[in-house]
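What follows is a single structure, written as structure tokens, with notes after it.
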2 protein chains.
Amino acid sequence: MVTQRGLEVLRAIVQDYVATHEPVGSKSIVERHAFGVSAATIRNDMAQLEDEELITAPHTSSGRVPTDKGYRVFVNHLAQLRPLSAPQRTAIESFLAAPSDLDDLMARTVRVLTQLTGQVALAQYPSFARASITHVELVALAPNRVLVVLVTDAGGVSQRISPLPIDIDDADLAVLRAQLAALVTGRAVGEAAERIASAMEPKTGARLQPALGALAAVIAEELAEFRQERLVMAGAATLARREQDFRGSIHPLLEAIEEQVTLLRLMSEMVTDEHGLATSIGTENAPFGLGEASIVASNYAAPGGTARVGVMGPTRMDYPSNLAAARAVARYLSRMLEEDEAAR
Amino acid sequence: MVTQRGLEVLRAIVQDYVATHEPVGSKSIVERHAFGVSAATIRNDMAQLEDEELITAPHTSSGRVPTDKGYRVFVNHLAQLRPLSAPQRTAIESFLAAPSDLDDLMARTVRVLTQLTGQVALAQYPSFARASITHVELVALAPNRVLVVLVTDAGGVSQRISPLPIDIDDADLAVLRAQLAALVTGRAVGEAAERIASAMEPKTGARLQPALGALAAVIAEELAEFRQERLVMAGAATLARREQDFRGSIHPLLEAIEEQVTLLRLMSEMVTDEHGLATSIGTENAPFGLGEASIVASNYAAPGGTARVGVMGPTRMDYPSNLAAARAVARYLSRMLEEDEAAR
DNA sequence: ATTGGCACTCGGAACGTTCGAGTGCCAGCG
DNA sequence: CGCTGGCACTCGAACGTTCCGAGTGCCAAT
């Protein structure tokens with residue numbers, strides 16, 4: 001059983017260890033924190049914390065270091081977010097002001113977050129999976145090449161060039177446009193994908209069927225792209241400064257950053273607390289090959305539902321600050337997207 | 001003055017050092033290469049090479065290591081590309097087969113190149129700077145929101161949503177479309193940008209002028225995007241394996257990868273030899289903050305002119321293999337783009 | 001329950017020794 | 001004159017020893 005003071009000691013250990021990167025001893029705790037008890041008492045508390053596996057000693061006689069479990073307790077029960085400073089808030093505001101489009105907004109978001117935290121920043125794109133198709137437009141580039149543009153009600157646009165197996169004229173194009181529009185406009189992305197699949201089968205011998213099939217195939221690809229989750233990142237270079245924080249090497253992290261898929265799954269599988277904040281610590285990420293890393297994230301509100309923005313760093317990170325930064329950025333991001341949607 | 005055999009010794013040193021990552025001594029040279037002379041003779045040659053600053057000794061009595069100048073001589077005079085193996089060629093072929101679009105093709109290109117060389121792969125996008133605008137299309141999303149699509153003859157497409165300061169109807173849209181088309185279709189990107197600038201000035205009091213101005217501004221942005229060089233990369237994670245190859249840290253490299261701008265300039269400023277190959281070694285990259293890295297690249301033929309594909313790695317890299325890989329990939333890439341253009 | 005005291009542990013720094021790979025130089029040889 | 005074997009020398013890497021101090025666990029006293 002851990003006493004109340006024991007928890008305070010854990011908090012002190014986490015804070016000091018994150019600050020100094022060195023195992024913390026009983027003596028340095030009484031020096032840096034006003035516990036009003038002697039080092040020996042702290043030592044007794046530390047022995048209890050060690051029994052509970054909340055802290056551990058790297059060597060027989062050395063200071064203590066929090067375990068992953070210790071960080072977890074710290075984050076869940078002991079940490080309170082450290083609010084951002086005024087300059088930090090204005091930094092976010094000016095960084096995110098007047099983006100030219102969604103890509104730009106997302107890129108700026110991760111840049112400001114990596115700049116605030118000094119960690120690798122990650123952001124899920126708003127999902128278009130539940131959006132509906134509002135427009136399908138065909139532009140003839142040549143008799144046998146058509147540009148296919150798809151627009152969703154959530155602001156997502158996709159475009160792709162499709163070669164055609166036959167030459168068509170403007171009248172044909174109008175026919176095809178009408179046929180495709182009937183299939184997908186007003187439909188949710190998933191539903192549209194089902195309906196478009198039927199058009200891809202070469203059923204009738206109609207003259208335009210080959211062209212329709214080709215266009216349907218391209219539209220299917222575009223729809224698949226809408227359903228796919230995406231991720232933006234920034235600050236990978238900051239990992240180089242932290243090499244020794246990751247026992248083995250930063251290779252798994254760089255790999256994950258390049259892969260994206262892993263991080264995408266990780267981000268979406270994290271569980272949020274009642275404030276929309278999520279934390280995944282050290283070995284909790286082991287199934288993803290990132291047992292040395294921690295991730296904190298905050299939900300933000302996007303047209304297509306909530307998505308997440310956060311940072312990835314060493315287990316020994318400053319959770320309160322990083323959580324606060326992620327939350328602040330998420331809030332601004334939500335607001336930007338809300339304004340954009342209102343204008344639509 | 002360096003003798004013929006001296007140059008052979010340099011070649012041996014470069015080869016052995018790249019292979020073993022350890023300073024090479026006179027004795028190991030006579031063991032691994034059939035020079036037919038004694039170690040003492042090699043030592044004399046090495047002394048000459050050291051006078052010429054082609055090699056250097058890390059410590060007073062230790063093997064020798066090539067200097068950047070030594071690598072340069074090796075690459076210019078001593079190296080002959082090592083042709084790829086048959087499996088490697090088929091790997092390229094199957095990797096690059098049937099890309100779904102340009103982005104996909106470029107992504108696969110860098111992936112195969114990083115897989116072949118184990119280094120960070122870089123590829124410039126084909127440039128659309130000299131392309132011409134063939135289509136400008138407006139799609140009404142709402143009375144005050146229009147999707148603007150631009151298409152070039154080099155296969156580049158750009159799309160963006162523009163809010164309008166006033167509401168317009170379909171007839172207005174047709175008018176605007178005609179006005180904008182008159183300004184930019186058939187024009188080269190640069191020329192189009194100049195002409196579109198004029199439409200952005202609020203000169204006349206015409207009713208549609210505010211809308212025209214807004215659309216022109218968006219088109220100007222899209223044109224600027226066409227003029228901008230772009231880069232794709234892969235294999236950043238491989239750097240982690242090579243940490244100690246970069247004396248200081250891999251931070252500058254990761255930074256450059258994230259920045260892109262630096263690498264873009266570096267790639268475009270490299271000078272190619274008569275075979276379209278370019279090499280930039282160690283300190284030659286110092287102005288770009290990459291004095292510890294080398295880059296090799298090969299030109300490839302793209303619709304908008306030649307562009308480059310290559311790899312970045314430690315100065316102590318296997319130049320012949322990497323150059324051969326870059327050249328092979330560049331050739332396949334040229335062919336793919338040529339086929340695509342023929343289909344257009 | 002808390003505390004001061006104390007013996008104990010162990011990692012890290014400092015230092016010395018040894019070992020061997022590699023060098024430069026030189027006299028001798030074809 | 002170029003090449004060679006021989007030799008003294010250098011210096012880094014590896015290893016062992018010593019020393020120091022921060023930190024611990026435990027215990028008797030309060």
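Going by the structure tokens order, chains are called A, B, ..., each with residues numbered from 1, while ligands are numbered from 1 in the order shown.
If you take only C-alpha atoms and a cut-off of 7 Å, the residues of chain A that reach chain B are Ala236, Ala237, Ala240, Arg241, Ser249, Ile250, His251, Leu254 and Glu255 of chain A.
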Would you list the contacts of region 282-285 of chain B as a list of chain:residue names, taking every protein, DNA or RNA residue within 7 Å and counting only C-alpha atoms (C1' of nucleotides), but skipping same-chain residues closer than 5 positions in sequence?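 Near region 282-285 of chain B, the qualifying residues are B:Asp68, B:Leu290, B:Gly291, B:Glu292, B:Ala293, B:Ser294, B:Thr315.
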Per-residue nearest contacts of chain C to region 11-25 of chain B (10 Å; only C-alpha atoms (C1' of nucleotides)) as a Markdown table:
| residue | atom | partner | partner_atom | distance |
| --- | --- | --- | --- | --- |
| C:DA21 | C1' | B:Gly25 | CA | 8.3 |
| C:DG22 | C1' | B:Gly25 | CA | 6.4 |
| C:DT23 | C1' | B:Gly25 | CA | 9.2 |
Output N, CA and C atoms (P, O5', C5', C4', C3', O3' and C1' of nucleotides) for every residue in that selection, as a CSV table (one decimal), in the first residue's frame.
chain,number,residue,atom,x,y,z
C,21,DA,P,48.7,-7.2,-34.7
C,21,DA,O5',47.9,-6.2,-35.7
C,21,DA,C5',46.9,-5.4,-35.1
C,21,DA,C4',47.1,-4.0,-35.6
C,21,DA,C3',47.7,-3.9,-37.0
C,21,DA,O3',47.0,-2.9,-37.7
C,21,DA,C1',49.1,-2.7,-35.6
C,22,DG,P,47.1,-2.8,-39.3
C,22,DG,O5',48.2,-1.6,-39.4
C,22,DG,C5',47.8,-0.3,-39.0
C,22,DG,C4',49.0,0.6,-38.9
C,22,DG,C3',49.8,0.6,-40.2
C,22,DG,O3',49.7,1.8,-40.9
C,22,DG,C1',51.1,0.5,-38.2
C,23,DT,P,50.6,2.1,-42.2
C,23,DT,O5',51.7,3.1,-41.7
C,23,DT,C5',51.3,4.1,-40.7
C,23,DT,C4',52.5,4.8,-40.1
C,23,DT,C3',53.5,5.1,-41.2
C,23,DT,O3',53.6,6.5,-41.3
C,23,DT,C1',54.5,4.0,-39.3
Per DSSP on the backbone, filter region 55-286 of chain A down to the residues in helix (DSSP H, G or I) and report them as a ChimeraX atom specification. /A:68-78,86-96,102-117,170-184,189-200,209-227,238-241,243-245,251-259,261-269,282-286
Counting only C-alpha atoms (C1' of nucleotides), which residues of chain B come no farther than 9 Å from chain D, as a ChimeraX atom specification? /B:37-41,59-62
Next, dump the selected residues to file, keeping only N, CA and C atoms, as an mmCIF file, in the first residue's frame.
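Contents of selection-v3.cif, as written:
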data_model
loop_
_atom_site.group_PDB
_atom_site.id
_atom_site.type_symbol
_atom_site.label_atom_id
_atom_site.label_comp_id
_atom_site.auth_asym_id
_atom_site.auth_seq_id
_atom_site.Cartn_x
_atom_site.Cartn_y
_atom_site.Cartn_z
ATOM 1 N N VAL B 37 54.297 -6.060 -54.851
ATOM 2 C CA VAL B 37 55.400 -5.353 -54.189
ATOM 3 C C VAL B 37 55.238 -5.513 -52.689
ATOM 4 N N SER B 38 56.206 -5.085 -51.944
ATOM 5 C CA SER B 38 56.156 -5.285 -50.498
ATOM 6 C C SER B 38 55.414 -4.154 -49.802
ATOM 7 N N ALA B 39 55.126 -4.397 -48.552
ATOM 8 C CA ALA B 39 54.415 -3.407 -47.755
ATOM 9 C C ALA B 39 55.189 -2.103 -47.664
ATOM 10 N N ALA B 40 56.522 -2.230 -47.592
ATOM 11 C CA ALA B 40 57.340 -1.020 -47.474
ATOM 12 C C ALA B 40 57.146 -0.120 -48.687
ATOM 13 N N THR B 41 57.062 -0.735 -49.855
ATOM 14 C CA THR B 41 56.858 0.049 -51.079
ATOM 15 C C THR B 41 55.508 0.752 -51.043
ATOM 16 N N HIS B 59 45.513 8.842 -36.586
ATOM 17 C CA HIS B 59 46.477 9.020 -35.515
ATOM 18 C C HIS B 59 47.877 8.806 -36.083
ATOM 19 N N THR B 60 48.851 9.203 -35.322
ATOM 20 C CA THR B 60 50.224 9.147 -35.820
ATOM 21 C C THR B 60 50.573 7.797 -36.422
ATOM 22 N N SER B 61 50.217 6.757 -35.720
ATOM 23 C CA SER B 61 50.594 5.464 -36.273
ATOM 24 C C SER B 61 49.365 4.598 -36.414
ATOM 25 N N SER B 62 48.706 4.798 -37.474
ATOM 26 C CA SER B 62 47.489 4.040 -37.735
ATOM 27 C C SER B 62 47.305 3.982 -39.238
#
One decimal, in Å: what's the spacing between CA of Val120 (chain A) and CA of Ile295 (chain A)?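 CA of Val120 (chain A) sits 9.5 Å away from CA of Ile295 (chain A).
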Using only C-alpha atoms (C1' of nucleotides), find the residues of chain C whose closest atom to chain A is at most 9 Å away, then write them as a list in words.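 In the required form, that comes to DT2, DT3, DG4, DT9, DC10 and DG11 of chain C.
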Quick one: residues within 10 Å of region 42-52 of chain B, only C-alpha atoms (C1' of nucleotides) counted, chain neighbours fewer than 6 positions away excluded, as JSON, numbers by chain? {"B": [1, 2, 3, 4, 5, 6, 7, 8, 9, 10, 13, 25, 26, 27, 29, 30, 35, 63, 64, 65, 66, 67, 69, 70], "C": [23, 24]}
Picked from region 200-321 of chain A by DSSP as strand (DSSP E or B), as a ChimeraX atom specification: /A:231-234,272,277-280,293-302,305-314
What does the distance between CA of Pro126 (chain A) and CA of Gln260 (chain B) come to in Å, to one decimal place?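 Result for CA of Pro126 (chain A) versus CA of Gln260 (chain B): 25.1 Å, one decimal.
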Point-to-point distance from CA of Ala325 (chain B) to CA of Leu116 (chain B), Å rounded to tenths: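 Separation between CA of Ala325 (chain B) and CA of Leu116 (chain B): 6.9 Å.
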Contact residues around Ile166 (chain B) with only C-alpha atoms (C1' of nucleotides) at 12 Å, ignoring same-chain residues under 2 positions, as a PyMOL selection string: chain B and resi 142-146+162-164+168-169+172-173+207-215
Selection from above, C-alpha atoms, as a tab-separated table (two decimals), in the first residue's frame, can you write it?
chain	number	residue	atom	x	y	z
B	142	ALA	CA	-22.06	26.71	-53.41
B	143	PRO	CA	-23.14	30.18	-54.56
B	144	ASN	CA	-20.01	31.58	-52.92
B	145	ARG	CA	-17.57	28.67	-53.20
B	146	VAL	CA	-15.87	27.46	-56.33
B	162	SER	CA	-11.88	29.39	-53.45
B	163	PRO	CA	-14.42	31.28	-51.37
B	164	LEU	CA	-16.02	34.17	-53.24
B	168	ILE	CA	-22.82	33.98	-58.30
B	169	ASP	CA	-25.05	31.84	-60.50
B	172	ASP	CA	-21.80	34.19	-63.95
B	173	LEU	CA	-19.66	31.10	-63.57
B	207	ARG	CA	-20.19	43.34	-60.75
B	208	LEU	CA	-18.16	40.16	-61.12
B	209	GLN	CA	-14.81	41.82	-60.54
B	210	PRO	CA	-14.57	40.81	-56.85
B	211	ALA	CA	-15.21	37.19	-57.78
B	212	LEU	CA	-12.77	37.35	-60.67
B	213	GLY	CA	-10.14	38.80	-58.36
B	214	ALA	CA	-10.63	36.06	-55.79
B	215	LEU	CA	-10.39	33.31	-58.41
